[in-house]
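Here is coords-v6.txt, consisting of compact mmCIF, C-alpha atoms:
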```
# COMPACT_ATOMS: atom_id res chain seq x y z
CA MET U 1 70.68 139.21 27.45
CA GLN U 2 73.89 138.20 29.12
CA SER U 3 73.61 137.34 32.76
CA ASN U 4 75.84 139.25 35.17
CA SER U 5 75.64 136.56 37.78
CA ARG U 6 78.86 134.79 38.59
CA ARG U 7 79.27 131.14 39.06
CA ILE U 8 80.60 130.16 42.46
CA ARG U 9 83.13 127.42 42.22
CA LYS U 10 82.61 124.80 44.84
CA ILE U 11 85.70 123.48 46.49
CA PRO U 12 85.35 119.76 47.11
CA VAL U 13 85.87 118.59 50.67
CA ARG U 14 87.03 115.06 51.16
CA ALA U 15 84.53 113.09 53.15
CA GLY U 16 86.02 111.63 56.26
CA SER U 17 88.69 114.32 56.75
CA SER U 18 86.41 116.61 58.69
CA PRO U 19 85.15 113.93 61.13
CA PHE U 20 88.73 112.77 61.68
CA LEU U 21 89.89 116.30 62.45
CA LEU U 22 86.94 116.84 64.76
CA ARG U 23 87.62 113.61 66.62
CA PHE U 24 91.30 114.45 66.95
CA LEU U 25 90.55 117.93 68.31
CA LEU U 26 88.01 116.57 70.78
CA LEU U 27 90.46 113.91 71.92
CA SER U 28 93.25 116.45 72.37
CA THR U 29 90.97 118.80 74.29
CA ALA U 30 89.83 116.00 76.59
CA ILE U 31 93.42 115.02 77.38
CA ILE U 32 94.36 118.64 78.13
CA LEU U 33 91.33 119.15 80.38
CA LEU U 34 91.92 115.93 82.29
CA THR U 35 95.59 116.78 82.77
CA SER U 36 94.75 120.29 83.98
CA ALA U 37 92.19 118.96 86.44
CA ALA U 38 94.66 116.46 87.85
CA LEU U 39 97.38 119.07 88.28
CA ALA U 40 94.93 121.42 89.99
CA ALA U 41 94.27 118.82 92.70
CA GLN U 42 97.95 118.04 93.15
CA ASP U 43 98.88 121.69 93.47
CA GLU U 44 96.58 122.70 96.35
CA ALA U 45 99.66 123.32 98.50
CA TYR U 46 103.34 122.52 98.41
CA GLY U 47 106.51 122.94 100.41
CA MET U 48 109.80 121.42 101.57
CA VAL U 49 109.93 118.35 103.80
CA THR U 50 111.96 119.34 106.86
CA ASN U 51 111.28 116.47 109.28
CA VAL U 52 110.21 112.83 109.02
CA VAL U 53 108.33 111.35 111.99
CA ASP U 54 107.62 107.88 110.60
CA GLY U 55 106.82 106.22 107.30
CA ASN U 56 103.55 108.04 106.65
CA THR U 57 103.98 111.22 108.73
CA PHE U 58 106.29 114.16 108.07
CA ASP U 59 106.54 117.94 108.43
CA VAL U 60 106.41 120.37 105.50
CA THR U 61 107.56 124.00 105.50
CA ILE U 62 104.83 125.55 103.37
CA GLU U 63 105.76 127.51 100.23
CA LYS U 64 102.31 127.72 98.65
CA ALA U 65 99.37 127.74 101.03
CA ASP U 66 95.76 126.66 100.82
CA PRO U 67 92.89 128.09 102.92
CA ARG U 68 93.12 124.94 105.06
CA VAL U 69 96.81 125.57 105.80
CA SER U 70 97.11 127.34 109.16
CA TYR U 71 100.82 127.19 109.99
CA SER U 72 104.13 127.84 108.27
CA VAL U 73 105.13 124.26 109.11
CA GLU U 74 102.38 121.66 108.81
CA ARG U 75 102.42 118.04 109.90
CA ILE U 76 101.25 115.78 107.07
CA HIS U 77 99.67 112.35 107.48
CA LEU U 78 99.36 110.30 104.30
CA ALA U 79 95.82 109.28 103.45
CA ASP U 80 94.70 105.65 103.20
CA VAL U 81 98.06 104.05 104.04
CA LYS U 82 99.23 102.53 107.31
CA SER U 83 102.94 102.42 108.07
CA PRO U 84 104.50 100.57 111.05
CA GLU U 85 104.89 102.61 114.21
CA ILE U 86 108.41 103.82 114.86
CA ASP U 87 108.79 101.61 117.95
CA THR U 88 108.09 98.40 116.00
CA VAL U 89 110.61 96.23 114.18
CA GLN U 90 109.66 97.59 110.72
CA GLY U 91 109.14 101.17 111.90
CA PRO U 92 112.69 102.54 111.44
CA ALA U 93 112.98 101.06 107.93
CA ALA U 94 109.71 102.72 106.88
CA ARG U 95 110.86 106.04 108.33
CA ASP U 96 114.24 105.74 106.57
CA PHE U 97 112.53 105.09 103.23
CA THR U 98 110.42 108.21 103.55
CA TYR U 99 113.46 110.17 104.72
CA ALA U 100 115.54 109.01 101.75
CA VAL U 101 112.85 109.97 99.23
CA LEU U 102 111.37 113.16 100.69
CA MET U 103 113.76 114.84 103.13
CA ASN U 104 114.72 118.35 101.94
CA LYS U 105 112.61 117.80 98.80
CA ARG U 106 109.54 119.65 97.62
CA VAL U 107 106.25 117.77 97.80
CA TYR U 108 102.88 118.71 96.35
CA LEU U 109 99.84 118.08 98.52
CA ASP U 110 96.27 117.15 97.63
CA ILE U 111 94.49 117.94 100.90
CA ASP U 112 91.40 116.00 101.91
CA GLU U 113 88.15 117.96 101.72
CA LEU U 114 86.09 115.79 104.08
CA SER U 115 88.20 115.24 107.20
CA GLY U 116 87.62 117.51 110.18
CA SER U 117 84.39 118.97 108.76
CA GLY U 118 86.26 120.33 105.76
CA SER U 119 89.43 121.41 107.56
CA GLY U 120 91.35 118.48 106.07
CA ARG U 121 92.68 117.48 109.52
CA ASP U 122 92.49 114.37 111.66
CA GLU U 123 91.94 114.23 115.42
CA TYR U 124 95.62 115.04 116.00
CA GLY U 125 95.54 118.19 113.89
CA ARG U 126 97.50 116.70 110.99
CA LEU U 127 96.58 117.46 107.37
CA ILE U 128 95.36 114.33 105.58
CA CYS U 129 96.93 114.32 102.12
CA VAL U 130 97.98 112.47 99.03
CA ALA U 131 101.57 113.58 98.37
CA TYR U 132 103.29 113.92 95.00
CA ILE U 133 107.03 114.06 94.43
CA THR U 134 108.70 116.62 92.18
CA GLY U 135 109.97 116.13 88.63
CA ILE U 136 113.12 117.51 87.05
CA TYR U 137 111.39 120.75 86.05
CA GLY U 138 109.80 121.27 89.46
CA GLN U 139 106.41 119.93 88.39
CA PRO U 140 104.39 117.40 90.42
CA LEU U 141 104.57 113.85 89.08
CA ALA U 142 101.02 112.61 88.72
CA TYR U 143 101.95 108.93 88.92
CA PRO U 144 102.93 107.25 91.12
CA ASN U 145 102.01 109.38 94.11
CA PHE U 146 104.09 108.90 97.25
CA ASN U 147 101.25 107.16 99.11
CA GLN U 148 101.27 104.42 96.46
CA MET U 149 105.08 104.33 96.36
CA LEU U 150 105.19 103.70 100.10
CA VAL U 151 102.80 100.76 99.70
CA ASP U 152 104.64 99.37 96.67
CA SER U 153 107.95 99.56 98.54
CA GLY U 154 106.57 97.23 101.22
CA HIS U 155 106.78 99.88 103.97
CA ALA U 156 103.01 100.42 104.26
CA SER U 157 99.72 98.71 103.60
CA LEU U 158 96.54 100.17 102.16
CA GLU U 159 93.89 101.14 104.69
CA ASN U 160 91.14 102.76 102.66
CA SER U 161 89.19 105.16 104.84
CA THR U 162 85.62 106.07 103.95
CA SER U 163 85.91 109.31 105.92
CA ASN U 164 88.09 111.03 103.31
CA GLU U 165 87.65 111.88 99.64
CA PHE U 166 90.38 109.60 98.30
CA ASP U 167 90.07 106.20 96.65
CA PRO U 168 93.28 104.20 96.23
CA GLN U 169 91.73 102.51 93.20
CA ASP U 170 92.28 105.84 91.40
CA TRP U 171 96.00 105.88 92.11
CA GLY U 172 96.85 103.92 88.99
CA SER U 173 98.05 100.52 90.24
CA GLY U 174 94.69 99.00 91.06
CA GLY U 175 95.11 99.60 94.77
CA ASP U 176 96.93 96.33 95.41
CA SER U 177 99.03 96.33 98.55
CA LYS U 178 102.03 94.30 99.56
CA PRO U 179 102.51 92.93 103.07
CA VAL U 180 104.49 95.29 105.26
CA ASP U 181 106.87 92.50 106.28
CA GLU U 182 107.73 91.60 102.65
CA PRO U 183 109.67 94.50 101.07
CA PRO U 184 111.15 94.13 97.56
CA GLN U 185 114.06 91.70 97.38
CA GLY U 186 116.76 94.33 96.97
CA LEU U 187 115.51 96.43 99.86
CA GLN U 188 114.97 93.32 101.99
CA GLN U 189 118.62 92.28 101.47
CA THR U 190 119.81 95.77 102.38
CA MET U 191 117.71 95.71 105.57
CA GLN U 192 119.07 92.27 106.52
CA ASN U 193 122.66 93.40 105.98
CA ASP U 194 122.09 96.50 108.08
CA THR U 195 120.51 94.42 110.84
CA LEU U 196 123.44 91.99 110.97
CA ASN U 197 126.33 94.36 110.40
CA GLY U 198 124.91 97.77 111.15
CA PRO U 199 124.23 100.41 108.45
CA LYS U 200 127.38 101.10 106.45
CA ASN U 201 126.09 103.89 104.25
CA ASP U 202 123.66 106.75 104.18
CA PRO U 203 120.18 105.22 103.54
CA LYS U 204 119.87 107.46 100.48
CA ASN U 205 122.82 105.72 98.79
CA ASP U 206 121.07 102.34 98.99
CA LEU U 207 117.44 103.29 98.45
CA LEU U 208 117.49 106.03 95.84
CA PRO U 209 118.94 103.95 92.96
CA LYS U 210 116.27 101.29 93.53
CA LEU U 211 113.58 103.96 93.79
CA GLN U 212 114.76 105.62 90.60
CA GLU U 213 114.64 102.33 88.69
CA TYR U 214 111.15 101.61 90.04
CA ALA U 215 109.85 105.08 89.12
CA GLU U 216 111.33 104.94 85.61
CA ASN U 217 109.74 101.55 84.92
CA GLU U 218 106.32 102.67 86.16
CA LEU U 219 106.40 105.94 84.21
CA ASP U 220 107.51 104.14 81.04
CA ARG U 221 104.62 101.70 81.44
CA ALA U 222 102.07 104.49 81.93
CA ALA U 223 103.42 106.45 78.95
CA LYS U 224 103.30 103.36 76.70
CA GLU U 225 99.72 102.57 77.68
CA GLY U 226 98.66 106.15 76.99
CA TRP U 227 100.41 106.21 73.62
CA ASP U 228 98.93 102.86 72.56
CA TRP U 229 95.45 104.10 73.46
CA LEU U 230 95.94 107.34 71.50
CA LYS U 231 97.20 105.45 68.44
CA GLY U 232 94.18 103.19 68.62
CA GLN U 233 91.82 106.17 68.68
CA ILE U 234 93.52 107.81 65.69
CA SER U 235 93.61 104.55 63.71
CA SER U 236 89.92 103.83 64.28
CA SER U 237 89.02 107.38 63.19
CA SER U 238 91.19 107.39 60.06
CA SER U 239 89.80 104.01 58.95
CA LEU U 240 86.34 105.53 58.45
CA LYS U 241 85.50 105.81 54.73
CA PRO U 242 82.77 107.77 52.90
CA GLY U 243 79.48 105.94 53.00
CA SER U 244 80.52 103.64 55.85
```

For the structure just supplied, provide its representation as structure tokens.
Amino acid sequence: MQSNSRRIRKIPVRAGSSPFLLRFLLLSTAIILLTSAALAAQDEAYGMVTNVVDGNTFDVTIEKADPRVSYSVERIHLADVKSPEIDTVQGPAARDFTYAVLMNKRVYLDIDELSGSGSGRDEYGRLICVAYITGIYGQPLAYPNFNQMLVDSGHASLENSTSNEFDPQDWGSGGDSKPVDEPPQGLQQTMQNDTLNGPKNDPKNDLLPKLQEYAENELDRAAKEGWDWLKGQISSSSSLKPGS
């Protein structure tokens, strides 16, 4: 009696391909989730900088609000950095740096959740924030944030406060600060020339090229480190063999 049952042909699956695919998908998902979480924090509020008070304090005309935003124009104080007061020798240079980078530009604000019993404000009513500058497509640049840029420029020092949610160690450069009175060589020479001869040009003409070079170098370094790490993960996964 002839059997009517059919033989089911088994399709061989290469061992090792499925774990590699699973690892790659998990890795990709983790990167996407981490990126989305970071952008969510950076995008709590944003607006245009319309006034610069000093190196670490400026006014923002709000375009996207947060429940903690109460006014159409908010005064922002940068978290965990201390810039010279405007009436000190270094004060005007710090203010001019912030003016050159931020004035009439959009900034994205990560507002502190602990200050002022959750209002995000200090005793002067200013919003305590980490600020992010804007990329070519209008997106916030995750690294470096402006707080760290101000420190790296020599126009502020780190002053990590335990009363807010932020930790400068998470900003990407290890939280190292430079002395306020030792700006980078190029900026220091510009400041000395201006002191002796008076400013000849708009501060933006002198500072922005140096800032652009700094930002490009830092972003290239971060991208290379991320790519090297990803290649290492893929290589270690693909090197797995059946039975190993």

Practice prompt. Fewer than 4 positions away in the same chain doesn't count, so skip those; otherwise give me all residues within 7 Å of stretch 142-144 of chain U, counting all atoms listed in the file, as number ranges by chain.
Written response: U: 132, 148-149

Worksheet entry | U:Gly120 environment, 12 Å, all atoms listed in the file, sequence neighbours closer than 3 positions dropped, as a count of residues only | 33

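Relative to atom CA of U:Thr162, atom CA of U:Tyr108 is found at 22.7 Å.
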
Discussion item. Using Å and a single decimal, report how far atom CA of U:Ala131 sits from atom CA of U:Asn147.
Written reply: 6.5 Å

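Counting from atom CA of U:Val89, the distance to atom CA of U:Ser157 is 15.4 Å.
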
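For the residues U:Gln169, U:Glu213, U:Asp96, U:Gly154, ranking by smallest atom-to-atom distance to U:Lys82 using only C-alpha atoms places U:Gly154 first.
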
Discussion item. Let me make sure I understand: among U:Phe146, U:Ala65, U:Leu158, U:Asp54, which one has the smallest atom-to-atom distance to U:Thr88 if we use all atoms listed in the file?
Written reply: U:Asp54

Stretch 49-67 of chain U: axis-aligned bounding box, 6 Å on each side, centre and edge lengths in Å, one decimal, as JSON:
```
{"center_x": 102.4, "center_y": 117.2, "center_z": 105.3, "size_x": 31.1, "size_y": 33.9, "size_z": 25.3}
```

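Residue nearest U:Met103, chosen from U:Ser119, U:Ser161, U:Thr61, U:Asn145 and counting all atoms listed in the file: U:Thr61.
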
Worksheet item: Can you find the residues with an atom no farther than 12 Å from (109.7, 100.4, 112.9), counting only C-alpha atoms, and report them as a list in words?
Response: Val53, Asp54, Gly55, Asn56, Ser83, Pro84, Glu85, Ile86, Asp87, Thr88, Val89, Gln90, Gly91, Pro92, Ala93, Ala94, Arg95, Asp96, Phe97, His155, Ala156, Val180, Asp181 and Met191 of chain U

Using only C-alpha atoms, please write the residues we just selected to a file, as a PDB file, in the frame of the given file.
```
ATOM      1  CA  VAL U  53     108.330 111.350 111.990  1.00  0.00           C
ATOM      2  CA  ASP U  54     107.620 107.880 110.600  1.00  0.00           C
ATOM      3  CA  GLY U  55     106.820 106.220 107.300  1.00  0.00           C
ATOM      4  CA  ASN U  56     103.550 108.040 106.650  1.00  0.00           C
ATOM      5  CA  SER U  83     102.940 102.420 108.070  1.00  0.00           C
ATOM      6  CA  PRO U  84     104.500 100.570 111.050  1.00  0.00           C
ATOM      7  CA  GLU U  85     104.890 102.610 114.210  1.00  0.00           C
ATOM      8  CA  ILE U  86     108.410 103.820 114.860  1.00  0.00           C
ATOM      9  CA  ASP U  87     108.790 101.610 117.950  1.00  0.00           C
ATOM     10  CA  THR U  88     108.090  98.400 116.000  1.00  0.00           C
ATOM     11  CA  VAL U  89     110.610  96.230 114.180  1.00  0.00           C
ATOM     12  CA  GLN U  90     109.660  97.590 110.720  1.00  0.00           C
ATOM     13  CA  GLY U  91     109.140 101.170 111.900  1.00  0.00           C
ATOM     14  CA  PRO U  92     112.690 102.540 111.440  1.00  0.00           C
ATOM     15  CA  ALA U  93     112.980 101.060 107.930  1.00  0.00           C
ATOM     16  CA  ALA U  94     109.710 102.720 106.880  1.00  0.00           C
ATOM     17  CA  ARG U  95     110.860 106.040 108.330  1.00  0.00           C
ATOM     18  CA  ASP U  96     114.240 105.740 106.570  1.00  0.00           C
ATOM     19  CA  PHE U  97     112.530 105.090 103.230  1.00  0.00           C
ATOM     20  CA  HIS U 155     106.780  99.880 103.970  1.00  0.00           C
ATOM     21  CA  ALA U 156     103.010 100.420 104.260  1.00  0.00           C
ATOM     22  CA  VAL U 180     104.490  95.290 105.260  1.00  0.00           C
ATOM     23  CA  ASP U 181     106.870  92.500 106.280  1.00  0.00           C
ATOM     24  CA  MET U 191     117.710  95.710 105.570  1.00  0.00           C
TER      25      MET U 191
END
```

Please tabulate, as a tab-separated table, the residues of stretch 39-120 of chain U that come within 10 Å of stretch 137-141 of chain U, each with its closest pair of atoms and the distance in Å to one decimal, counting only C-alpha atoms and ordering rows by chain, then residue number upward.
```
residue	atom	partner	partner_atom	distance
U:Leu39	CA	U:Pro140	CA	7.5
U:Gln42	CA	U:Pro140	CA	7.0
U:Asp43	CA	U:Pro140	CA	7.6
U:Tyr46	CA	U:Pro140	CA	9.5
U:Arg106	CA	U:Gly138	CA	8.3
U:Val107	CA	U:Pro140	CA	7.6
U:Tyr108	CA	U:Pro140	CA	6.3
U:Leu109	CA	U:Pro140	CA	9.3
```

Worksheet item: Between U:Asn104, U:Ser72, U:Thr57, U:Thr134, which is the closest to U:Leu150 once you count all atoms listed in the file?
Response: U:Thr57
